[in-house]
Each structure stands twice: as C-alpha cells, then as structure tokens.
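**Student:** The structure file run.csv (CSV, C-alpha atoms) is provided below.
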chain,number,residue,atom,x,y,z
A,27,MET,CA,-18.7,0.2,-3.5
A,28,ALA,CA,-21.0,-2.6,-4.4
A,29,ALA,CA,-23.9,-0.5,-3.3
A,30,SER,CA,-22.0,2.5,-2.0
A,31,LEU,CA,-22.4,4.8,-4.9
A,32,ARG,CA,-25.5,6.5,-3.5
A,33,ALA,CA,-25.5,9.3,-0.9
A,34,SER,CA,-28.3,11.4,0.5
A,35,SER,CA,-26.2,14.7,0.7
A,36,SER,CA,-22.8,15.9,-0.3
A,37,LEU,CA,-20.4,13.2,0.6
A,38,ARG,CA,-17.4,15.4,0.4
A,39,SER,CA,-18.8,18.1,2.7
A,40,ARG,CA,-19.8,15.6,5.4
A,41,LEU,CA,-16.3,13.9,5.3
A,42,LEU,CA,-14.6,17.3,5.7
A,43,SER,CA,-17.0,18.3,8.5
A,44,PHE,CA,-16.4,15.0,10.4
A,45,SER,CA,-12.6,15.2,9.9
A,46,SER,CA,-12.3,18.8,11.1
A,47,GLY,CA,-14.7,18.4,14.0
A,48,CYS,CA,-13.1,15.3,15.5
A,49,SER,CA,-10.7,15.8,18.4
A,50,LEU,CA,-8.0,13.2,17.8
A,51,CYS,CA,-4.9,12.1,19.6
A,52,PRO,CA,-1.6,12.5,17.5
A,53,TRP,CA,-1.5,9.9,14.8
A,54,ARG,CA,0.5,9.1,11.7
A,55,LEU,CA,-0.6,7.9,8.4
A,56,LEU,CA,2.0,5.7,6.8
A,57,LEU,CA,1.8,5.4,3.1
A,58,SER,CA,3.0,2.2,1.5
A,59,SER,CA,3.5,1.2,-2.1
A,60,PRO,CA,2.8,-2.3,-3.4
A,61,VAL,CA,5.5,-4.7,-2.4
A,62,HIS,CA,6.9,-7.8,-4.0
A,63,SER,CA,6.3,-11.2,-2.5
A,64,ASP,CA,9.1,-13.7,-2.0
A,65,ALA,CA,6.9,-16.4,-3.5
A,66,PRO,CA,8.4,-18.2,-6.6
A,67,HIS,CA,6.4,-16.1,-9.1
A,68,GLN,CA,7.3,-12.7,-7.5
A,69,THR,CA,3.7,-11.4,-7.7
A,70,GLU,CA,3.0,-8.0,-6.4
A,71,THR,CA,0.7,-7.5,-3.4
A,72,LEU,CA,-1.9,-4.9,-2.6
A,73,ALA,CA,-1.3,-1.2,-1.9
A,74,PHE,CA,-2.3,0.0,1.5
A,75,ASP,CA,-2.1,2.7,4.1
A,76,GLU,CA,-1.4,2.3,7.8
A,77,ILE,CA,-2.7,4.3,10.6
A,78,GLN,CA,-1.1,4.0,14.1
A,79,LEU,CA,-0.9,6.4,16.9
A,80,SER,CA,2.7,5.5,17.9
A,81,PRO,CA,4.3,3.9,14.8
A,82,GLU,CA,7.6,3.7,16.6
A,83,LYS,CA,6.1,1.1,18.9
A,84,PRO,CA,5.2,-2.5,17.9
A,85,ALA,CA,1.5,-2.9,17.3
A,86,THR,CA,-0.3,-5.2,19.8
A,87,ALA,CA,-3.3,-5.7,17.4
A,88,THR,CA,-4.1,-5.2,13.8
A,89,ALA,CA,-7.4,-4.4,11.9
A,90,PHE,CA,-7.8,-4.6,8.2
A,91,VAL,CA,-10.3,-2.1,6.7
A,92,LEU,CA,-11.8,-2.9,3.4
A,93,HIS,CA,-13.7,-0.5,1.2
A,94,GLY,CA,-16.3,-1.3,-1.4
A,95,LEU,CA,-16.9,-1.0,-5.2
A,96,LEU,CA,-15.1,1.9,-6.9
A,97,GLY,CA,-13.7,3.1,-3.6
A,98,SER,CA,-10.3,2.9,-2.0
A,99,GLY,CA,-8.7,2.8,1.4
A,100,ARG,CA,-8.5,6.6,1.6
A,101,ASN,CA,-12.3,6.7,1.9
A,102,TRP,CA,-11.9,5.3,5.4
A,103,ARG,CA,-9.0,7.5,6.6
A,104,SER,CA,-11.1,9.9,8.7
A,105,PHE,CA,-13.1,7.2,10.4
A,106,SER,CA,-10.0,5.0,11.0
A,107,ARG,CA,-8.1,7.9,12.6
A,108,ALA,CA,-11.1,8.5,14.9
A,109,LEU,CA,-11.4,4.8,15.7
A,110,VAL,CA,-7.7,4.3,16.6
A,111,SER,CA,-7.9,7.3,18.9
A,112,GLU,CA,-11.0,6.0,20.5
A,113,LEU,CA,-9.4,2.7,21.1
A,114,ARG,CA,-6.3,4.4,22.7
A,115,ASN,CA,-8.6,6.4,25.0
A,116,ARG,CA,-10.4,3.2,26.2
A,117,SER,CA,-7.3,1.1,26.6
A,118,PRO,CA,-4.0,3.1,26.6
A,119,SER,CA,-1.9,-0.1,26.8
A,120,ASP,CA,-3.2,-1.4,23.4
A,121,GLU,CA,-1.3,-0.2,20.3
A,122,TRP,CA,-3.8,-0.7,17.4
A,123,ARG,CA,-2.7,-0.6,13.8
A,124,MET,CA,-5.3,0.0,11.0
A,125,VAL,CA,-4.3,-1.3,7.6
A,126,LEU,CA,-6.5,0.5,4.9
A,127,VAL,CA,-6.3,-1.8,1.9
A,128,ASP,CA,-6.8,-0.8,-1.7
A,129,LEU,CA,-8.5,-4.0,-3.0
A,130,ARG,CA,-7.6,-5.3,-6.4
A,131,ASN,CA,-8.5,-3.1,-9.4
A,132,HIS,CA,-9.1,-0.1,-7.0
A,133,GLY,CA,-7.0,2.8,-5.9
A,134,ARG,CA,-3.3,2.3,-6.1
A,135,SER,CA,-3.8,-1.4,-6.5
A,136,ALA,CA,-5.4,-0.9,-9.9
A,137,GLY,CA,-2.1,-0.5,-11.5
A,138,ILE,CA,-0.6,-3.8,-10.2
A,139,LYS,CA,-0.2,-6.1,-13.1
A,140,GLY,CA,0.3,-9.2,-10.9
A,141,LEU,CA,-3.3,-9.2,-9.7
A,142,GLY,CA,-4.7,-11.0,-12.7
A,143,PRO,CA,-8.1,-12.6,-13.3
A,144,PRO,CA,-10.4,-14.0,-12.2
A,145,HIS,CA,-11.6,-10.8,-10.5
A,146,ASN,CA,-14.0,-11.9,-7.9
A,147,ILE,CA,-14.7,-11.9,-4.1
A,148,SER,CA,-12.5,-14.9,-3.4
A,149,THR,CA,-9.5,-13.7,-5.3
A,150,ALA,CA,-9.8,-10.3,-3.5
A,151,ALA,CA,-9.8,-12.2,-0.2
A,152,LYS,CA,-6.8,-14.3,-1.2
A,153,ASP,CA,-5.0,-11.0,-2.0
A,154,LEU,CA,-5.2,-10.2,1.7
A,155,ALA,CA,-3.6,-13.4,2.7
A,156,ASP,CA,-0.9,-12.9,0.1
A,157,LEU,CA,-0.3,-9.4,1.6
A,158,VAL,CA,0.1,-10.8,5.1
A,159,LYS,CA,2.6,-13.4,3.9
A,160,ALA,CA,4.6,-11.0,1.7
A,161,ARG,CA,5.0,-8.5,4.5
A,162,GLY,CA,5.7,-11.1,7.2
A,163,TRP,CA,2.9,-9.6,9.3
A,164,PRO,CA,0.9,-11.4,12.0
A,165,TRP,CA,-2.6,-12.3,10.7
A,166,PRO,CA,-5.2,-9.6,11.4
A,167,ASP,CA,-7.2,-9.7,14.7
A,168,VAL,CA,-10.1,-7.9,13.1
A,169,VAL,CA,-11.3,-7.4,9.6
A,170,VAL,CA,-13.7,-4.5,8.8
A,171,GLY,CA,-15.5,-4.6,5.5
A,172,HIS,CA,-18.1,-2.1,4.1
A,173,SER,CA,-20.5,-3.2,1.3
A,174,MET,CA,-18.5,-5.3,-1.2
A,175,GLY,CA,-15.7,-5.3,1.3
A,176,GLY,CA,-18.0,-7.0,3.8
A,177,LYS,CA,-18.3,-10.0,1.5
A,178,VAL,CA,-14.5,-10.0,1.0
A,179,ALA,CA,-14.1,-10.2,4.8
A,180,LEU,CA,-16.6,-13.1,5.0
A,181,ASP,CA,-14.7,-15.0,2.2
A,182,PHE,CA,-11.4,-14.3,4.0
A,183,ALA,CA,-12.7,-15.9,7.2
A,184,GLU,CA,-14.3,-18.8,5.4
A,185,SER,CA,-11.1,-19.6,3.4
A,186,CYS,CA,-8.9,-19.2,6.5
A,187,SER,CA,-11.1,-21.6,8.5
A,188,ARG,CA,-10.8,-24.3,5.8
A,189,GLY,CA,-7.0,-24.0,5.6
A,190,VAL,CA,-7.0,-22.5,2.1
A,191,TYR,CA,-4.2,-20.1,3.1
A,192,GLY,CA,-2.0,-22.7,4.7
A,193,ASP,CA,-1.3,-24.0,8.2
A,194,SER,CA,0.3,-20.7,9.3
A,195,ALA,CA,-2.9,-18.7,8.8
A,196,ASN,CA,-4.8,-17.5,11.8
A,197,LEU,CA,-8.6,-16.9,11.8
A,198,PRO,CA,-9.6,-13.4,12.7
A,199,LYS,CA,-11.2,-13.1,16.1
A,200,GLN,CA,-13.8,-10.8,14.7
A,201,LEU,CA,-15.4,-9.5,11.5
A,202,TRP,CA,-17.3,-6.3,11.2
A,203,VAL,CA,-19.6,-6.5,8.1
A,204,LEU,CA,-21.0,-3.0,7.5
A,205,ASP,CA,-24.2,-2.7,5.7
A,206,SER,CA,-23.5,-5.6,3.4
A,207,VAL,CA,-26.2,-8.2,2.7
A,208,PRO,CA,-24.6,-11.6,3.2
A,209,GLY,CA,-26.7,-13.4,0.5
A,210,GLN,CA,-27.2,-12.9,-3.2
A,211,VAL,CA,-28.3,-9.4,-4.2
A,212,GLU,CA,-31.4,-9.7,-6.2
A,213,THR,CA,-31.8,-7.3,-9.1
A,214,GLU,CA,-35.5,-6.7,-8.3
A,215,ASN,CA,-34.5,-5.4,-4.9
A,216,SER,CA,-32.4,-2.6,-6.4
A,217,ASP,CA,-33.3,0.5,-8.4
A,218,GLY,CA,-30.5,-0.3,-10.8
A,219,GLU,CA,-28.5,2.8,-10.1
A,220,VAL,CA,-25.2,1.0,-9.7
A,221,GLU,CA,-25.7,-0.8,-13.0
A,222,GLN,CA,-26.6,2.6,-14.6
A,223,VAL,CA,-23.4,4.1,-13.3
A,224,LEU,CA,-21.2,1.3,-14.5
A,225,GLN,CA,-22.8,1.4,-17.9
A,226,THR,CA,-22.3,5.1,-18.1
A,227,LEU,CA,-18.6,4.9,-17.1
A,228,ALA,CA,-18.1,2.1,-19.6
A,229,SER,CA,-19.4,4.3,-22.4
A,230,LEU,CA,-16.8,7.0,-21.7
A,231,PRO,CA,-13.3,7.1,-23.2
A,232,SER,CA,-10.4,6.0,-20.9
A,233,SER,CA,-8.9,9.5,-21.1
A,234,LEU,CA,-11.1,12.3,-20.0
A,235,PRO,CA,-10.8,16.2,-20.2
A,236,SER,CA,-11.1,17.0,-16.5
A,237,ARG,CA,-12.8,16.1,-13.3
A,238,LYS,CA,-15.2,19.0,-13.8
A,239,TRP,CA,-16.1,17.6,-17.2
A,240,VAL,CA,-16.9,14.2,-15.7
A,241,VAL,CA,-19.1,15.7,-12.9
A,242,ASP,CA,-21.0,17.9,-15.3
A,243,HIS,CA,-21.5,15.0,-17.7
A,244,MET,CA,-22.9,12.8,-14.9
A,245,LEU,CA,-25.2,15.6,-13.8
A,246,SER,CA,-26.4,16.1,-17.4
A,247,LEU,CA,-27.5,12.4,-17.5
A,248,GLY,CA,-29.6,12.9,-14.4
A,249,PHE,CA,-27.4,11.5,-11.7
A,250,SER,CA,-27.4,13.4,-8.3
A,251,LYS,CA,-24.8,15.9,-7.4
A,252,SER,CA,-23.4,13.9,-4.5
A,253,LEU,CA,-23.1,10.8,-6.7
A,254,SER,CA,-21.5,12.7,-9.6
A,255,GLU,CA,-19.0,14.3,-7.2
A,256,TRP,CA,-18.2,10.8,-5.8
A,257,ILE,CA,-17.6,9.5,-9.3
A,258,GLY,CA,-15.3,12.5,-10.0
A,259,SER,CA,-13.3,11.8,-6.9
A,260,ASN,CA,-12.2,8.5,-8.4
A,261,LEU,CA,-10.1,10.2,-11.1
A,262,LYS,CA,-6.3,10.7,-11.3
A,263,LYS,CA,-4.1,12.9,-13.4
A,264,ASP,CA,-2.7,11.6,-16.6
A,265,ASN,CA,-0.6,14.3,-18.2
A,266,ASP,CA,-3.1,17.0,-19.4
A,267,HIS,CA,-6.1,14.7,-18.9
A,268,VAL,CA,-7.6,12.5,-16.2
A,269,THR,CA,-8.3,8.8,-16.1
A,270,TRP,CA,-10.1,6.4,-13.7
A,271,ALA,CA,-8.3,5.3,-10.5
A,272,PHE,CA,-9.8,1.9,-10.9
A,273,ASN,CA,-9.9,-0.9,-13.5
A,274,LEU,CA,-13.4,-0.4,-14.7
A,275,GLN,CA,-14.0,-3.8,-16.5
A,276,ALA,CA,-12.4,-5.7,-13.6
A,277,ALA,CA,-14.6,-3.7,-11.1
A,278,ILE,CA,-17.7,-4.7,-13.1
A,279,ASP,CA,-16.6,-8.4,-12.8
A,280,MET,CA,-16.2,-7.9,-9.0
A,281,PHE,CA,-19.6,-6.3,-8.8
A,282,SER,CA,-21.1,-9.4,-10.5
A,283,SER,CA,-19.3,-11.6,-8.1
A,284,TYR,CA,-20.6,-9.5,-5.1
A,285,ARG,CA,-24.2,-9.9,-6.3
A,286,GLU,CA,-23.9,-13.7,-6.9
A,287,ARG,CA,-21.9,-14.9,-3.8
A,288,ASP,CA,-23.9,-16.2,-0.8
A,289,TYR,CA,-22.3,-16.3,2.7
A,290,TRP,CA,-25.4,-17.2,4.7
A,291,SER,CA,-23.7,-20.6,5.5
A,292,VAL,CA,-20.8,-18.7,7.2
A,293,LEU,CA,-23.3,-16.9,9.4
A,294,GLU,CA,-25.3,-20.1,10.2
A,295,HIS,CA,-22.1,-22.0,11.2
A,296,PRO,CA,-19.4,-19.5,12.1
A,297,PRO,CA,-16.1,-21.0,13.0
A,298,LYS,CA,-15.3,-21.5,16.7
A,299,ASP,CA,-13.9,-18.3,18.4
A,300,LEU,CA,-15.0,-16.0,15.6
A,301,GLU,CA,-17.6,-13.3,16.1
A,302,ILE,CA,-19.3,-11.8,13.0
A,303,ALA,CA,-20.8,-8.4,13.8
A,304,ILE,CA,-23.3,-7.2,11.2
A,305,VAL,CA,-24.1,-3.5,11.2
A,306,GLN,CA,-27.3,-2.6,9.4
A,307,ALA,CA,-27.8,1.1,8.6
A,308,GLU,CA,-31.3,2.2,9.8
A,309,HIS,CA,-32.1,4.0,6.5
A,310,SER,CA,-30.3,1.7,4.1
A,311,ASP,CA,-32.3,0.4,1.2
A,312,ARG,CA,-30.1,-2.7,0.8
A,313,TRP,CA,-32.1,-4.9,3.1
A,314,VAL,CA,-35.3,-6.9,2.6
A,315,PRO,CA,-37.4,-7.9,5.7
A,316,ASP,CA,-36.7,-11.6,5.3
A,317,ASP,CA,-32.9,-11.0,5.5
A,318,VAL,CA,-33.3,-8.9,8.6
A,319,GLN,CA,-35.4,-11.4,10.4
A,320,ARG,CA,-33.0,-14.2,9.4
A,321,LEU,CA,-30.1,-12.2,11.0
A,322,LYS,CA,-32.1,-11.5,14.1
A,323,ALA,CA,-32.8,-15.2,14.5
A,324,LEU,CA,-29.1,-16.0,14.1
A,325,ALA,CA,-28.0,-13.3,16.5
A,326,GLY,CA,-30.5,-14.5,19.1
A,327,ARG,CA,-29.4,-18.1,19.1
A,328,GLU,CA,-28.1,-19.7,22.3
A,329,SER,CA,-24.3,-19.7,22.5
A,330,LYS,CA,-22.4,-22.9,21.9
A,331,PRO,CA,-18.8,-23.6,22.8
A,332,ASP,CA,-17.9,-25.2,19.5
A,333,VAL,CA,-19.2,-22.5,17.1
A,334,GLY,CA,-18.7,-18.8,16.8
A,335,LYS,CA,-21.2,-16.0,17.3
A,336,VAL,CA,-23.3,-13.6,15.2
A,337,SER,CA,-24.4,-10.2,16.4
A,338,LEU,CA,-26.6,-7.6,14.7
A,339,HIS,CA,-26.4,-3.9,15.3
A,340,VAL,CA,-28.6,-1.2,13.8
A,341,LEU,CA,-26.9,2.1,13.2
A,342,PRO,CA,-29.4,4.9,13.7
A,343,ASN,CA,-29.7,7.9,11.4
A,344,SER,CA,-27.6,6.4,8.7
A,345,GLY,CA,-27.9,5.3,5.1
A,346,HIS,CA,-25.5,3.0,3.3
A,347,TRP,CA,-22.5,5.4,3.9
A,348,VAL,CA,-22.3,4.4,7.6
A,349,HIS,CA,-18.9,6.0,8.3
A,350,VAL,CA,-20.0,9.3,6.8
A,351,ASP,CA,-23.7,9.4,7.7
A,352,ASN,CA,-23.2,8.6,11.4
A,353,PRO,CA,-19.5,8.1,12.2
A,354,LYS,CA,-20.0,8.8,15.9
A,355,GLY,CA,-22.7,6.2,16.2
A,356,LEU,CA,-20.6,3.7,14.3
A,357,LEU,CA,-17.6,4.4,16.7
A,358,GLU,CA,-19.8,3.8,19.7
A,359,ILE,CA,-21.0,0.5,18.3
A,360,MET,CA,-17.5,-0.7,17.4
A,361,GLY,CA,-15.6,0.7,20.3
A,362,LYS,CA,-17.9,0.8,23.3
A,363,ARG,CA,-19.7,-2.6,23.4
A,364,SER,CA,-16.9,-4.2,25.5
A,365,SER,CA,-19.1,-7.2,26.3
A,366,MET,CA,-18.7,-8.4,22.7
A,367,THR,CA,-16.1,-6.4,20.8
A,368,LEU,CA,-12.5,-7.4,20.3
A,369,PHE,CA,-11.7,-3.7,19.9
A,370,HIS,CA,-11.8,-3.5,23.7
A,371,VAL,CA,-10.7,-6.9,25.0
A,372,LEU,CA,-8.1,-8.9,23.0
A,373,LEU,CA,-7.9,-12.7,23.4
A,374,PRO,CA,-4.8,-14.8,22.9
A,375,ARG,CA,-3.9,-15.7,19.3
A,376,ASP,CA,-1.9,-18.9,19.5
A,377,GLU,CA,-3.7,-21.4,17.4
A,378,PRO,CA,-3.8,-21.6,13.6
A,379,CYS,CA,-7.2,-21.3,11.9
A,380,HIS,CA,-8.0,-24.9,11.1
A,381,GLN,CA,-11.7,-24.7,11.9
A,382,SER,CA,-14.5,-26.7,10.2
A,383,PHE,CA,-17.6,-25.3,8.5
A,384,PHE,CA,-20.6,-27.7,8.6
A,385,MET,CA,-22.1,-26.7,5.3
A,386,PHE,CA,-19.2,-26.4,2.9
A,387,GLY,CA,-18.8,-29.4,0.6
For this file, write the structure as structure tokens.
**Tutor:**
Amino acid sequence: MAASLRASSSLRSRLLSFSSGCSLCPWRLLLSSPVHSDAPHQTETLAFDEIQLSPEKPATATAFVLHGLLGSGRNWRSFSRALVSELRNRSPSDEWRMVLVDLRNHGRSAGIKGLGPPHNISTAAKDLADLVKARGWPWPDVVVGHSMGGKVALDFAESCSRGVYGDSANLPKQLWVLDSVPGQVETENSDGEVEQVLQTLASLPSSLPSRKWVVDHMLSLGFSKSLSEWIGSNLKKDNDHVTWAFNLQAAIDMFSSYRERDYWSVLEHPPKDLEIAIVQAEHSDRWVPDDVQRLKALAGRESKPDVGKVSLHVLPNSGHWVHVDNPKGLLEIMGKRSSMTLFHVLLPRDEPCHQSFFMFG
C-alpha cells in the first residue's frame, strides 16, 4: 500500500487473532477470475472476490473495497466479513455485497495483459468502471479505499461526476477514505521506508528461492520482522521457486502517481449527494498538522443543498493499518454512525452521475 508497508507488530498474528475472535453470521466468499468485456477490444477486467451473507439472494447494495500499494483484496477479507455481518445485524432487510478488488498490477490482476500503461491512479479508477460495465453490475453505492486505494476512490468519484465513464454511470453515495492523505505526499514528510522497500525489491531477481529466503534477506538488510513478513506474504509459487504476486515496476509507477496526485479540490467541492468520509488513524505518521486542520475546517462547514459533504473521523489506538490495528473501532465508525453513514440508511439511486465540480478545468 502506498504507505501501508509499515506495521507496529506482527501483521499476520493480529489478522489471525481478529479473524478467529470475531463472531460472524454465515457468509460465503465468492472467488472470481478476471472476465472479458464485450467492448470492441475485448480487454480483460480486474480480478475480485465477493463477500455476501446470502449469495442466493439479489444484493440490495454494493460496496467496493480497494487495497493499497503491494496489497490485494484478500488483505481485507477478515474485515469485510465482519462488516457485512455487522450490517446484517443492524438492518436485516439489507443484503450487502462486498467486492474486494485486486487493483491493476496487484494480486490476481497482476497477470492480466489487457491492463496496460499508463499505470496511475486514474487508470486504476477507470478499471473499476470497466469492471462494472463488463459484469453488467449496478454502480457501487459505496467505495472504501485504504491508503493508495483511497486516492483511487477519490479519482473514481471525480471522474464519474464529470461524465468520464459515460451517461450510464452513477456517482457513489459515499466514499470511505481510510488513512489516505488527499493531497501530494511530500518526501520530507516520510522516512523513506516505502522507497527503500521498492528499491530493495527491484534489486532482487524475478525468481526467488523461497518465501523464507525473502523474509530472511529483508531482515538482514535491517527491515522489521513485521514488514519482512508482509513482503513475504506477497509471493506466489512458480514451480520450484517463488515470484512476486504484483508487477513491481508498474507498482512503482502507481506509487509515484499516488504521491503526485492532489484531490483537495474534490473535498473542497464534493459533488451533490456524495459524502466523503475521511478516517485518520490516531497514531498514523502520514498526516501533517496543516492537512488535519484543513480537513477539520472542511468537515465543519455549513451544509449546502447543491454540494456534498465531508466528514472526518479519528480512529483511536490505530496506526496506518486501520483494519488490523483497531478493526472493532473501524467497524463502529463505519457501521454505527447512522446519522451520516450509507451503511445504515440507503438512499434512492435513480439519477446518473452528471454532477459538476467547481474547480476542475
């Protein structure tokens, strides 16, 4: 993830502990392979997983869940299972469907040849629109994006509002942008660990002896155990060796785009009927005071009927890995605040997404 490579304790142990300790309703994880679009050029669309409590029933609402740099949709399985169960408990009549997307160059989407360059935030967002069209799905009611995925969500909403995806596209009713700084990411505000990791991975051969070899190598270079294990979890078997489950050079391109793209104008003038919910992790080191104050000012503005809303929520006891550090707290923010969250009250979805931004030229 654009800044998701760092963790304060063992990521794997906390994921297992959360998954085993969560009391869930029955659910089913539906695995899906990439599909071919009926568009003239027959380009392939993204790989994804679906989580739905009663897949035999038609879904009444859909949420897309977007991971960050070097991640995949599977990183969000445990949390998404818990969230869909929480939503069922709060509103038994709603049948939510969570679509866990593998963004371009990541996870199972890394092997899709049709997802060519440029590799940036905007093309990653357009991939989502192509997926909706190829599958014949309704447009998502909610888009949840963590770290780099948060900027993909913002770009998706911006493009939808300007009609980039065509007249049939519907603007989401809500975005959840999880610990993702909306503006440019300045190098001086980072310790450079992400860059160091990317440089290290680029120096390795494409075929590697084993996952253990990779983890031990990262440890020998001074990286933390949790980070080294996270890197090792992004490997896949290739005969007697292992290789990366992502396209490294393309992921580097996407990271550069993540750092450069600025979406403050989307927050300053959100389209009508869209709410952008920003979640800031209390102990995250991604934020500078000026950005936090700017978000507070936007969230505190008086509501106007012709523009959307911005809300800011601080997740306590959490670093950047919000769904791992404090999943229960994140569930409470996303599922319990019925006064503002679409995850509790769905609004009609009849109009296409031709909204206007005031500051896009």
**Student:** If you count only C-alpha atoms, which residues fall within 10 Å of A:Pro164, apart from same-chain ones fewer than 3 positions away, as JSON, numbers by chain?
**Tutor:** {"A": [87, 88, 158, 159, 161, 167, 194, 195, 196, 375]}
**Student:** Find, counting all atoms listed in the file, the residue in A:Gly334, A:Pro297, A:Asn265, A:His339 that gets nearest to A:Arg188.
**Tutor:**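 Going through A:Gly334, A:Pro297, A:Asn265, A:His339 one by one, the smallest distance to A:Arg188 is for A:Pro297.
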**Student:** Ranking A:Arg312, A:Lys263, A:Lys199, A:Lys139 by minimum distance to A:Lys335 and counting all atoms listed in the file, which one comes first?
**Tutor:**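 Nearest candidate to A:Lys335 out of A:Arg312, A:Lys263, A:Lys199, A:Lys139: A:Lys199.
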**Student:** Of the candidates A:His132, A:Val340, A:Pro235, A:Val190, which shows the shortest atom-to-atom distance to A:Met360, using only C-alpha atoms?
**Tutor:**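 Nearest to A:Met360: A:Val340.
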**Student:** What separation in Å, quoted to one decimal, exists between atom CA of A:Val348 and atom CA of A:Val169?
**Tutor:**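 Separation of atom CA of A:Val348 and atom CA of A:Val169: 16.3 Å.
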**Student:** Given only C-alpha atoms as the basis, pick out the residue of A:Ala73, A:Ala108, A:Leu197, A:Leu95 nearest to A:Gly355.
**Tutor:**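 So, comparing all the options, the nearest one is A:Ala108.
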**Student:** From the set A:Leu96, A:Met174, A:Ala136, A:Leu247, which residue has the shortest atom-to-atom contact distance to A:Pro208, counting only C-alpha atoms?
**Tutor:** A:Met174
**Student:** Which distance in Å separates atom CA of A:Ile257 and atom CA of A:Val127, to one decimal?
**Tutor:**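 So the two atoms, atom CA of A:Ile257 and atom CA of A:Val127, lie 19.5 Å apart.
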**Student:** Counting all atoms listed in the file, which of A:Arg123, A:Ser250, A:Gly171, A:Gly137 gets nearest to A:Lys262?
**Tutor:** A:Gly137
**Student:** Enumerate, as a ChimeraX atom specification, the protein, DNA and RNA residues whose atoms approach (-24.6, 13.7, -11.8) to within 12 Å, taking into account all atoms listed in the file and the coordinate frame of the file.
**Tutor:** /A:31-33,36,219,222-223,226-227,238-258
**Student:** Can you tell me how far atom CA of A:Lys177 sits from atom CA of A:Tyr289, in Å to one decimal?
**Tutor:**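 For atom CA of A:Lys177 relative to atom CA of A:Tyr289, the distance reads 7.6 Å.
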**Student:** Just the residues within 12 Å of A:Leu341, please, counting only C-alpha atoms, with nothing from its chain fewer than 2 positions along; format it as a ChimeraX atom specification.
**Tutor:** /A:204-205,304-310,338-339,343-360
**Student:** Save stretch 74-125 of chain A to disk from that block, C-alpha atoms included, as a JSON list (two decimals), in the first residue's frame.
**Tutor:**
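So selection.json came out as:
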[["chain", "number", "residue", "atom", "x", "y", "z"],
["A", 74, "PHE", "CA", -12.05, -9.66, -7.49],
["A", 75, "ASP", "CA", -13.66, -11.57, -4.62],
["A", 76, "GLU", "CA", -17.23, -11.14, -3.43],
["A", 77, "ILE", "CA", -18.48, -11.46, 0.12],
["A", 78, "GLN", "CA", -22.22, -11.72, 0.71],
["A", 79, "LEU", "CA", -24.15, -13.35, 3.54],
["A", 80, "SER", "CA", -26.87, -14.82, 1.32],
["A", 81, "PRO", "CA", -25.43, -15.02, -2.21],
["A", 82, "GLU", "CA", -28.55, -16.79, -3.43],
["A", 83, "LYS", "CA", -30.45, -13.52, -2.86],
["A", 84, "PRO", "CA", -30.10, -10.41, -5.02],
["A", 85, "ALA", "CA", -27.92, -7.78, -3.38],
["A", 86, "THR", "CA", -29.68, -4.57, -2.36],
["A", 87, "ALA", "CA", -26.44, -2.59, -2.06],
["A", 88, "THR", "CA", -22.82, -2.93, -3.16],
["A", 89, "ALA", "CA", -19.56, -1.66, -1.70],
["A", 90, "PHE", "CA", -16.21, -1.81, -3.49],
["A", 91, "VAL", "CA", -13.20, -2.30, -1.20],
["A", 92, "LEU", "CA", -9.83, -1.12, -2.51],
["A", 93, "HIS", "CA", -6.47, -2.10, -1.05],
["A", 94, "GLY", "CA", -3.24, -0.13, -1.30],
["A", 95, "LEU", "CA", 0.26, -0.50, -2.73],
["A", 96, "LEU", "CA", 1.65, -4.06, -2.90],
["A", 97, "GLY", "CA", -1.56, -5.39, -1.36],
["A", 98, "SER", "CA", -4.57, -7.27, -2.70],
["A", 99, "GLY", "CA", -8.23, -7.71, -1.94],
["A", 100, "ARG", "CA", -7.50, -10.66, 0.32],
["A", 101, "ASN", "CA", -5.94, -8.27, 2.86],
["A", 102, "TRP", "CA", -9.47, -7.02, 3.55],
["A", 103, "ARG", "CA", -11.33, -10.34, 3.77],
["A", 104, "SER", "CA", -11.49, -10.58, 7.56],
["A", 105, "PHE", "CA", -12.66, -7.02, 8.00],
["A", 106, "SER", "CA", -15.17, -7.23, 5.14],
["A", 107, "ARG", "CA", -16.68, -10.41, 6.58],
["A", 108, "ALA", "CA", -17.12, -8.67, 9.92],
["A", 109, "LEU", "CA", -18.56, -5.54, 8.29],
["A", 110, "VAL", "CA", -21.14, -7.39, 6.20],
["A", 111, "SER", "CA", -22.24, -9.30, 9.30],
["A", 112, "GLU", "CA", -22.48, -6.08, 11.31],
["A", 113, "LEU", "CA", -24.62, -4.52, 8.58],
["A", 114, "ARG", "CA", -26.95, -7.52, 8.58],
["A", 115, "ASN", "CA", -27.34, -7.28, 12.35],
["A", 116, "ARG", "CA", -28.24, -3.60, 12.12],
["A", 117, "SER", "CA", -30.58, -3.90, 9.15],
["A", 118, "PRO", "CA", -31.70, -7.49, 8.41],
["A", 119, "SER", "CA", -33.59, -6.43, 5.28],
["A", 120, "ASP", "CA", -30.45, -5.13, 3.55],
["A", 121, "GLU", "CA", -28.39, -7.60, 1.53],
["A", 122, "TRP", "CA", -24.93, -6.06, 1.22],
["A", 123, "ARG", "CA", -22.36, -7.32, -1.26],
["A", 124, "MET", "CA", -18.68, -6.50, -0.75],
["A", 125, "VAL", "CA", -16.50, -6.59, -3.86]]
